[in-house]
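Since the structure comes first, as structure tokens, the remarks are kept for the end.
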Amino acid sequence: MAAPRAIGIGLLGLGVVGSGVARILTERADTYAARVGRALEIRRVLVRDPRKPRPVELPPGMLGTDPEAVLGDPAIALVIEVMGGEQPAYEYLCRALERGKYVVTANKEVMAKHGPELYELAARRGVDILFEASVGGGIPLIAPLQRDLLANEITSMRAIINGTTNYILTRMARDGTDYRAALRQAQQLGYAEPDPTNDVEGMDAAYKLAVLASLGFRMTVRPGDVYREGITRLHPREFRYAAELGYALKLLAIATRDDHRVLARVHPALIPAEEPLAKVDGVNNAVEVVGDLLGRAMFQGQGAGSMPTTSAVVADVIDAAFRIAHGGEGRPAWRADPDAQVCPMSELQTRYYLRLTVPDRAGVLARVTRVLGEQYQISIASIIQKEADETARTAEIVIMTHLASEGAAQAAVKSLEKLDVVRAVGALIRVEGQA
Ligand code: NAP
Ligand code: HSE
């Protein structure tokens, strides 16, 4: 009997991830053929520059710059998109799905901005879109949310989902270096891009949180629904004071659901040093999920890099190829909760760390606490006077509040900035304990 026909694969992109995927699909062809029951064969690869040297060797003539050579080839049943960026990736994914091809993508930006439209298109065409690598590199996150946690009502997710910023913050905490120096180290080691804006301003984490929250809460959360603050204004002092108070300072991506109301946010936050998330250092990622049946679970590992990301992409390829070879629907369809709403950030209730520079003289603290307590009903948990500058005759005070609303905290900062006894509001950082 003739061997069953190989499943044709088109690869869009042959960079860090694409090269890893092409290499592993080639090197482990026999193993994956046995797992799927049919061979997997890369037929065409789309790149920008076919003459560029590549870390993987592919047969001559396989690389090209014409997307139609991949998307229009009827022998290609599965398209892997590892180009990145919103366009033309989104357009190519739509074209592949329209033509009844399965799609695997690592593209968080496209999934965050257009996920629901892509699921709908895939369902209409009787195929599927798989995107495990789009969040957390090699860490299994998407499949658990789509399958293993389906019996739960997910109430919260807290995550460190950007390796670049976690590396920078880890360096600042350990070495006392400032933000610029830590960013330079991240760039020298190849963790941060030459233009690190998307990472350090929290956009990358916001895309990933939008994907996770949409899946976990079964509602449409777009990147614009995610409140976002980056790490560029953090001062080395905050890490020292945080540690003295028993906290770590991390860029957290947090989504919480209360009934049909969801709040999603990415910002620096203090977390108690003994919590597992506080111990996730360097480029590692971790996502903590709370479900009503499961309780708390944490997924942790390498959130980026060629091989960890290849692990997730190739797993999706094997899953899709198995369905192409043997049929089968795959998983319950994603349907958005029509009653779900995104809450404004002003409704957040949390605790705050506030650092002020004030003149070192009697009566100052009373003025500050009056603004917080009497004007904004923000209750103070502790006040510590940190070092004084004898020449400038100023002192730094660090205030930890009890639960307060974000609206009140922001308004209080504005009022404090206007007080003649406040030289500067150095930092207002949210304090997050376990939900
Ligand atoms: P990359 O190294 O920059 O590679 C991008 C590849 O796509 C290159 O081969 C490039 O061609 C090709 N390409 C880009 N735009 C194109 C266009 N308009 N037409 C044709 N080809 C185009 O990117 P990457 O790091 O592999 O990332 C790929 C995707 O994986 C992104 O969505 C990223 O967010 C995601 N991801 C990456 C990581 C990671 O660790 N790198 C982790 C998780 C997810 P040339 O080579 O000819 O320039
Ligand atoms: N720039 C991302 C990070 C890479 O630093 O986590 C993976 O999406």
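Ligands are numbered from 1 in the order shown, residues from 1 within each chain, and chains are lettered A, B, ... in the order they appear in the structure tokens.
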
For this session: If you run DSSP over the backbone, which residues in range 134-179 of chain A end up alpha helix (DSSP H)? Put them as a PyMOL selection string.
Result: chain A and resi 142-143+163-175+179

Could I get the residue neighbourhood of ligand 1 at 8 Å, counting only C-alpha atoms and all ligand atoms, as a short mmCIF file (atom, residue, chain, number, x, y, z; two decimals) with N, CA and C atoms, in the first residue's frame?
```cif
data_model
loop_
_atom_site.label_atom_id
_atom_site.label_comp_id
_atom_site.auth_asym_id
_atom_site.auth_seq_id
_atom_site.Cartn_x
_atom_site.Cartn_y
_atom_site.Cartn_z
N LEU A 12 5.37 31.18 7.07
CA LEU A 12 5.47 32.62 6.84
C LEU A 12 6.46 33.17 7.86
N GLY A 13 7.71 33.40 7.44
CA GLY A 13 8.74 33.92 8.35
C GLY A 13 9.76 32.85 8.68
N LEU A 14 11.04 33.26 8.63
CA LEU A 14 12.14 32.32 8.93
C LEU A 14 13.18 33.05 9.78
N GLY A 15 12.69 33.71 10.84
CA GLY A 15 13.58 34.44 11.73
C GLY A 15 13.93 33.59 12.94
N VAL A 16 13.94 34.22 14.12
CA VAL A 16 14.32 33.52 15.36
C VAL A 16 13.44 32.29 15.55
N VAL A 17 12.13 32.48 15.49
CA VAL A 17 11.21 31.37 15.73
C VAL A 17 11.09 30.48 14.49
N GLY A 18 10.91 31.10 13.32
CA GLY A 18 10.71 30.32 12.08
C GLY A 18 11.86 29.37 11.82
N SER A 19 13.10 29.83 12.06
CA SER A 19 14.27 28.96 11.82
C SER A 19 14.24 27.77 12.77
N LEU A 46 7.95 31.92 3.23
CA LEU A 46 7.92 33.34 2.85
C LEU A 46 8.88 34.12 3.74
N VAL A 47 9.74 34.93 3.10
CA VAL A 47 10.65 35.81 3.84
C VAL A 47 10.67 37.17 3.13
N ARG A 48 11.37 38.13 3.75
CA ARG A 48 11.54 39.41 3.07
C ARG A 48 12.71 39.35 2.12
N ASP A 49 13.79 38.67 2.58
CA ASP A 49 15.02 38.66 1.81
C ASP A 49 15.55 37.22 1.70
N PRO A 50 15.30 36.56 0.55
CA PRO A 50 15.69 35.15 0.43
C PRO A 50 17.21 34.94 0.43
N ARG A 51 18.00 36.04 0.21
CA ARG A 51 19.47 35.85 0.14
C ARG A 51 20.14 35.93 1.51
N LYS A 52 19.39 36.34 2.51
CA LYS A 52 19.94 36.48 3.86
C LYS A 52 20.48 35.13 4.35
N ARG A 54 20.88 32.07 6.77
CA ARG A 54 19.91 31.53 7.75
C ARG A 54 20.58 30.45 8.58
N THR A 65 9.43 35.47 -1.85
CA THR A 65 8.85 36.71 -1.31
C THR A 65 7.39 36.88 -1.73
N ASP A 66 6.84 35.90 -2.44
CA ASP A 66 5.46 36.02 -2.91
C ASP A 66 4.51 35.28 -1.96
N PRO A 67 3.69 36.00 -1.19
CA PRO A 67 2.81 35.30 -0.23
C PRO A 67 1.85 34.33 -0.92
N GLU A 81 2.40 30.98 10.84
CA GLU A 81 2.78 32.40 10.72
C GLU A 81 3.69 32.77 11.87
N VAL A 82 4.96 33.07 11.53
CA VAL A 82 5.94 33.53 12.52
C VAL A 82 6.69 34.73 11.95
N MET A 83 5.90 35.66 11.39
CA MET A 83 6.47 36.90 10.85
C MET A 83 6.44 38.00 11.90
N GLY A 84 5.32 38.06 12.64
CA GLY A 84 5.14 39.11 13.65
C GLY A 84 4.51 40.35 13.05
N GLY A 85 4.06 41.27 13.94
CA GLY A 85 3.44 42.52 13.51
C GLY A 85 1.99 42.31 13.10
N GLN A 87 0.21 43.83 10.43
CA GLN A 87 0.04 43.66 8.98
C GLN A 87 1.41 43.51 8.33
N PRO A 88 1.53 42.69 7.30
CA PRO A 88 0.47 41.98 6.59
C PRO A 88 0.07 40.64 7.23
N ALA A 89 0.59 40.35 8.45
CA ALA A 89 0.33 39.02 9.03
C ALA A 89 -1.18 38.74 9.12
N THR A 105 -0.11 30.23 14.72
CA THR A 105 0.58 31.52 14.77
C THR A 105 1.19 31.75 16.15
N ALA A 106 2.29 32.54 16.16
CA ALA A 106 2.93 32.94 17.42
C ALA A 106 2.68 34.42 17.67
N ASN A 107 1.71 35.00 16.94
CA ASN A 107 1.59 36.45 16.86
C ASN A 107 0.59 37.01 17.89
N LYS A 108 1.13 37.53 19.02
CA LYS A 108 0.25 38.04 20.08
C LYS A 108 -0.52 39.29 19.64
N GLU A 109 0.16 40.13 18.81
CA GLU A 109 -0.49 41.39 18.42
C GLU A 109 -1.74 41.10 17.59
N ALA A 133 1.97 29.68 21.11
CA ALA A 133 3.23 30.42 21.26
C ALA A 133 3.02 31.93 21.39
N SER A 134 1.78 32.39 21.24
CA SER A 134 1.58 33.85 21.25
C SER A 134 1.75 34.45 22.64
N VAL A 135 1.58 33.66 23.69
CA VAL A 135 1.76 34.15 25.06
C VAL A 135 2.66 33.18 25.82
N GLY A 136 3.71 33.71 26.42
CA GLY A 136 4.54 32.89 27.31
C GLY A 136 5.44 31.90 26.58
N GLY A 137 5.76 32.15 25.31
CA GLY A 137 6.71 31.30 24.58
C GLY A 137 6.34 29.83 24.70
N GLY A 138 7.19 29.07 25.39
CA GLY A 138 6.98 27.62 25.46
C GLY A 138 6.07 27.17 26.60
N GLY A 303 9.61 32.28 28.62
CA GLY A 303 8.55 32.93 27.86
C GLY A 303 8.98 33.40 26.49
N ALA A 304 10.21 33.14 26.10
CA ALA A 304 10.68 33.56 24.78
C ALA A 304 11.90 32.73 24.42
N GLY A 305 12.44 33.02 23.23
CA GLY A 305 13.61 32.28 22.76
C GLY A 305 13.20 31.29 21.69
N SER A 306 14.15 30.99 20.83
CA SER A 306 13.84 30.18 19.65
C SER A 306 13.29 28.80 20.02
N PRO A 308 12.21 27.37 23.10
CA PRO A 308 10.96 27.31 23.88
C PRO A 308 9.75 27.68 23.02
N THR A 309 9.91 28.68 22.16
CA THR A 309 8.76 29.09 21.34
C THR A 309 8.47 28.04 20.27
#
```

For this session: Check the smallest atom-to-atom distance from each of A:Arg393, A:Arg99, A:Arg351, A:Arg257 to Ser379 in chain A using only C-alpha atoms, then report the winner.
Result: A:Arg351

Problem set entry | Within 9 Å of Arg228 in chain A using only C-alpha atoms, minus same-chain residues under 2 positions, as a ChimeraX atom specification | /A:201-203,205-206,226,230,253,264-267

Selection to disk with all heavy atoms, as a compact mmCIF listing (two decimals), in the first residue's frame:
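After the write, part25.txt holds the following:
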```
# COMPACT_ATOMS: atom_id res chain seq x y z
N GLU A 201 7.18 49.83 27.68
CA GLU A 201 5.96 50.61 27.91
C GLU A 201 4.76 49.71 28.18
O GLU A 201 3.63 50.18 28.28
CB GLU A 201 5.66 51.54 26.73
CG GLU A 201 6.71 52.63 26.51
CD GLU A 201 6.81 53.64 27.68
OE1 GLU A 201 5.97 53.58 28.59
OE2 GLU A 201 7.76 54.45 27.67
N GLY A 202 4.99 48.40 28.22
CA GLY A 202 3.92 47.48 28.63
C GLY A 202 2.98 47.04 27.51
O GLY A 202 2.01 46.33 27.77
N MET A 203 3.29 47.45 26.25
CA MET A 203 2.38 47.06 25.15
C MET A 203 2.39 45.54 24.94
O MET A 203 1.34 44.92 24.76
CB MET A 203 2.81 47.72 23.84
CG MET A 203 1.98 48.90 23.44
SD MET A 203 2.79 50.41 23.92
CE MET A 203 3.88 50.70 22.56
N ALA A 205 3.06 43.18 27.01
CA ALA A 205 2.32 42.50 28.09
C ALA A 205 0.81 42.73 27.94
O ALA A 205 0.01 41.84 28.23
CB ALA A 205 2.81 42.98 29.45
N ALA A 206 0.43 43.93 27.47
CA ALA A 206 -1.00 44.21 27.30
C ALA A 206 -1.60 43.33 26.20
O ALA A 206 -2.72 42.83 26.34
CB ALA A 206 -1.22 45.68 26.99
N VAL A 226 -7.04 47.38 28.09
CA VAL A 226 -6.08 47.08 29.16
C VAL A 226 -5.41 48.39 29.60
O VAL A 226 -4.77 49.06 28.79
CB VAL A 226 -5.00 46.07 28.67
CG1 VAL A 226 -4.00 45.77 29.79
CG2 VAL A 226 -5.65 44.80 28.16
N GLY A 230 4.23 51.60 31.92
CA GLY A 230 5.49 50.88 31.72
C GLY A 230 6.43 51.02 32.91
O GLY A 230 6.04 51.46 34.01
N ALA A 253 0.86 41.84 34.93
CA ALA A 253 -0.32 41.91 34.07
C ALA A 253 -1.42 41.21 34.86
O ALA A 253 -1.26 40.04 35.24
CB ALA A 253 -0.06 41.19 32.76
N ALA A 264 -8.66 44.83 33.51
CA ALA A 264 -7.38 44.30 33.00
C ALA A 264 -6.36 45.43 33.02
O ALA A 264 -6.64 46.53 32.56
CB ALA A 264 -7.57 43.76 31.59
N ARG A 265 -5.17 45.13 33.54
CA ARG A 265 -4.19 46.20 33.72
C ARG A 265 -2.78 45.65 33.70
O ARG A 265 -2.53 44.52 34.13
CB ARG A 265 -4.47 46.93 35.04
CG ARG A 265 -4.59 45.99 36.22
CD ARG A 265 -5.31 46.67 37.39
NE ARG A 265 -5.70 45.72 38.41
CZ ARG A 265 -5.06 45.51 39.57
NH1 ARG A 265 -4.00 46.23 39.88
NH2 ARG A 265 -5.47 44.61 40.42
N VAL A 266 -1.86 46.49 33.21
CA VAL A 266 -0.43 46.16 33.20
C VAL A 266 0.28 47.34 33.82
O VAL A 266 0.13 48.48 33.33
CB VAL A 266 0.07 45.96 31.75
CG1 VAL A 266 1.59 45.88 31.71
CG2 VAL A 266 -0.55 44.72 31.13
N HIS A 267 1.02 47.12 34.91
CA HIS A 267 1.73 48.22 35.55
C HIS A 267 2.73 47.66 36.56
O HIS A 267 2.60 46.50 36.99
CB HIS A 267 0.75 49.18 36.25
CG HIS A 267 -0.18 48.49 37.20
ND1 HIS A 267 0.23 47.97 38.41
CD2 HIS A 267 -1.51 48.21 37.11
CE1 HIS A 267 -0.80 47.41 39.03
NE2 HIS A 267 -1.87 47.53 38.26
```

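For the set A:Asn285, A:Thr232, A:Gln188, A:Asn152, the residue with the smallest atom-to-atom gap to Lys208 in chain A is A:Asn285, counting only C-alpha atoms.
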
For this session: Please provide the set of residues having any atom within 7 Å of range 313-320 of chain A, restricted to only C-alpha atoms, with same-chain residues fewer than 3 positions apart removed, written as a ChimeraX atom specification.
Result: /A:21,36,102,104,106,130,132-133,309-310,323-324

Exercise. Per DSSP on the backbone, what are the strand (DSSP E or B) residues of range 160-409 of chain A, as a ChimeraX atom specification?
Worked result: /A:160,227-228,247-258,261-272,284-291,295-302,341-342,349-359,380-389,394-401,404-405

For this session: Just the residues within 10 Å of Ile231 in chain A, please, counting only C-alpha atoms, with nothing from its chain fewer than 3 positions along; format it as an NGL selection string.
Result: :A and (165-166 or 168-169 or 179 or 199-202 or 234-235 or 250-251 or 267-268)

Selection from above, all heavy atoms, as a short mmCIF file (atom, residue, chain, number, x, y, z; two decimals), in the first residue's frame, can you write it?
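That gives us again37.cif:
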```cif
data_model
loop_
_atom_site.label_atom_id
_atom_site.label_comp_id
_atom_site.auth_asym_id
_atom_site.auth_seq_id
_atom_site.Cartn_x
_atom_site.Cartn_y
_atom_site.Cartn_z
N THR A 165 11.30 43.05 30.38
CA THR A 165 11.12 43.93 31.54
C THR A 165 11.42 43.20 32.84
O THR A 165 11.96 43.78 33.77
CB THR A 165 9.68 44.50 31.59
OG1 THR A 165 8.78 43.43 31.38
CG2 THR A 165 9.47 45.56 30.53
N ASN A 166 11.11 41.90 32.88
CA ASN A 166 11.41 41.17 34.12
C ASN A 166 12.91 41.08 34.32
O ASN A 166 13.41 41.16 35.45
CB ASN A 166 10.77 39.78 34.11
CG ASN A 166 10.57 39.24 35.51
OD1 ASN A 166 10.11 39.97 36.40
ND2 ASN A 166 10.96 38.02 35.76
N ILE A 168 15.09 43.38 33.26
CA ILE A 168 15.52 44.73 33.66
C ILE A 168 15.22 44.98 35.14
O ILE A 168 16.06 45.45 35.91
CB ILE A 168 14.83 45.80 32.77
CG1 ILE A 168 15.34 45.70 31.33
CG2 ILE A 168 15.05 47.21 33.33
CD1 ILE A 168 14.58 46.56 30.32
N LEU A 169 14.01 44.62 35.56
CA LEU A 169 13.63 44.85 36.97
C LEU A 169 14.46 43.97 37.92
O LEU A 169 14.81 44.39 39.02
CB LEU A 169 12.13 44.61 37.17
CG LEU A 169 11.20 45.51 36.35
CD1 LEU A 169 9.75 45.27 36.74
CD2 LEU A 169 11.53 46.99 36.51
N TYR A 179 17.45 52.33 35.55
CA TYR A 179 16.72 51.74 34.44
C TYR A 179 17.56 51.70 33.15
O TYR A 179 17.61 50.68 32.46
CB TYR A 179 15.41 52.52 34.22
CG TYR A 179 14.78 52.24 32.90
CD1 TYR A 179 14.15 51.02 32.67
CD2 TYR A 179 14.85 53.16 31.86
CE1 TYR A 179 13.61 50.72 31.43
CE2 TYR A 179 14.31 52.88 30.63
CZ TYR A 179 13.69 51.66 30.41
OH TYR A 179 13.18 51.37 29.19
N ASP A 199 8.09 46.60 24.76
CA ASP A 199 8.29 45.85 26.00
C ASP A 199 8.22 46.79 27.21
O ASP A 199 7.45 46.56 28.14
CB ASP A 199 9.65 45.14 25.98
CG ASP A 199 9.68 44.00 24.97
OD1 ASP A 199 8.66 43.30 24.86
OD2 ASP A 199 10.69 43.81 24.30
N VAL A 200 9.04 47.87 27.19
CA VAL A 200 9.20 48.67 28.41
C VAL A 200 7.97 49.54 28.70
O VAL A 200 7.75 49.95 29.84
CB VAL A 200 10.49 49.52 28.40
CG1 VAL A 200 11.70 48.61 28.33
CG2 VAL A 200 10.49 50.56 27.30
N GLU A 201 7.18 49.83 27.68
CA GLU A 201 5.96 50.61 27.91
C GLU A 201 4.76 49.71 28.18
O GLU A 201 3.63 50.18 28.28
CB GLU A 201 5.66 51.54 26.73
CG GLU A 201 6.71 52.63 26.51
CD GLU A 201 6.81 53.64 27.68
OE1 GLU A 201 5.97 53.58 28.59
OE2 GLU A 201 7.76 54.45 27.67
N GLY A 202 4.99 48.40 28.22
CA GLY A 202 3.92 47.48 28.63
C GLY A 202 2.98 47.04 27.51
O GLY A 202 2.01 46.33 27.77
N LEU A 234 10.65 54.05 36.80
CA LEU A 234 10.95 53.47 38.12
C LEU A 234 12.35 53.87 38.57
O LEU A 234 13.32 53.80 37.81
CB LEU A 234 10.84 51.95 38.09
CG LEU A 234 9.43 51.39 37.97
CD1 LEU A 234 9.47 49.88 37.85
CD2 LEU A 234 8.55 51.82 39.15
N HIS A 235 12.47 54.29 39.82
CA HIS A 235 13.74 54.74 40.38
C HIS A 235 14.36 53.59 41.18
O HIS A 235 13.63 52.85 41.84
CB HIS A 235 13.45 55.95 41.29
CG HIS A 235 14.68 56.70 41.63
ND1 HIS A 235 15.55 56.28 42.61
CD2 HIS A 235 15.20 57.84 41.10
CE1 HIS A 235 16.55 57.15 42.68
NE2 HIS A 235 16.37 58.10 41.77
N LYS A 250 7.61 44.27 40.47
CA LYS A 250 7.51 43.55 39.19
C LYS A 250 6.57 44.28 38.25
O LYS A 250 5.66 45.00 38.72
CB LYS A 250 6.93 42.15 39.42
CG LYS A 250 7.81 41.24 40.29
CD LYS A 250 9.03 40.82 39.51
CE LYS A 250 9.88 39.81 40.22
NZ LYS A 250 11.14 39.54 39.49
N LEU A 251 6.72 44.06 36.95
CA LEU A 251 5.70 44.52 36.01
C LEU A 251 4.66 43.40 35.94
O LEU A 251 4.94 42.32 35.41
CB LEU A 251 6.28 44.78 34.62
CG LEU A 251 5.24 45.30 33.63
CD1 LEU A 251 4.86 46.76 33.93
CD2 LEU A 251 5.71 45.21 32.18
N HIS A 267 1.02 47.12 34.91
CA HIS A 267 1.73 48.22 35.55
C HIS A 267 2.73 47.66 36.56
O HIS A 267 2.60 46.50 36.99
CB HIS A 267 0.75 49.18 36.25
CG HIS A 267 -0.18 48.49 37.20
ND1 HIS A 267 0.23 47.97 38.41
CD2 HIS A 267 -1.51 48.21 37.11
CE1 HIS A 267 -0.80 47.41 39.03
NE2 HIS A 267 -1.87 47.53 38.26
N PRO A 268 3.70 48.47 36.97
CA PRO A 268 4.59 48.00 38.04
C PRO A 268 3.79 47.82 39.31
O PRO A 268 2.83 48.58 39.56
CB PRO A 268 5.59 49.16 38.20
CG PRO A 268 5.48 49.96 36.96
CD PRO A 268 4.06 49.81 36.48
#
```

Exercise. Do you know which residues are at most 6 Å from range 421-433 of chain A counting only C-alpha atoms, after dropping those on the same chain fewer than 4 positions away, and could you put them as number ranges by chain?
Worked result: A: 269-271, 351-358

Seminar exercise, completed: Using only C-alpha atoms and all ligand atoms, the best pick from A:Met62, A:Glu193, A:Leu141, A:Ile80 as closest to ligand 2 would be A:Glu193

For this session: Considering only C-alpha atoms, state which residue in the set A:Ser156, A:Ala243, A:Ala182, A:Val413 is at the smallest distance from Leu209 in chain A.
Result: A:Ser156
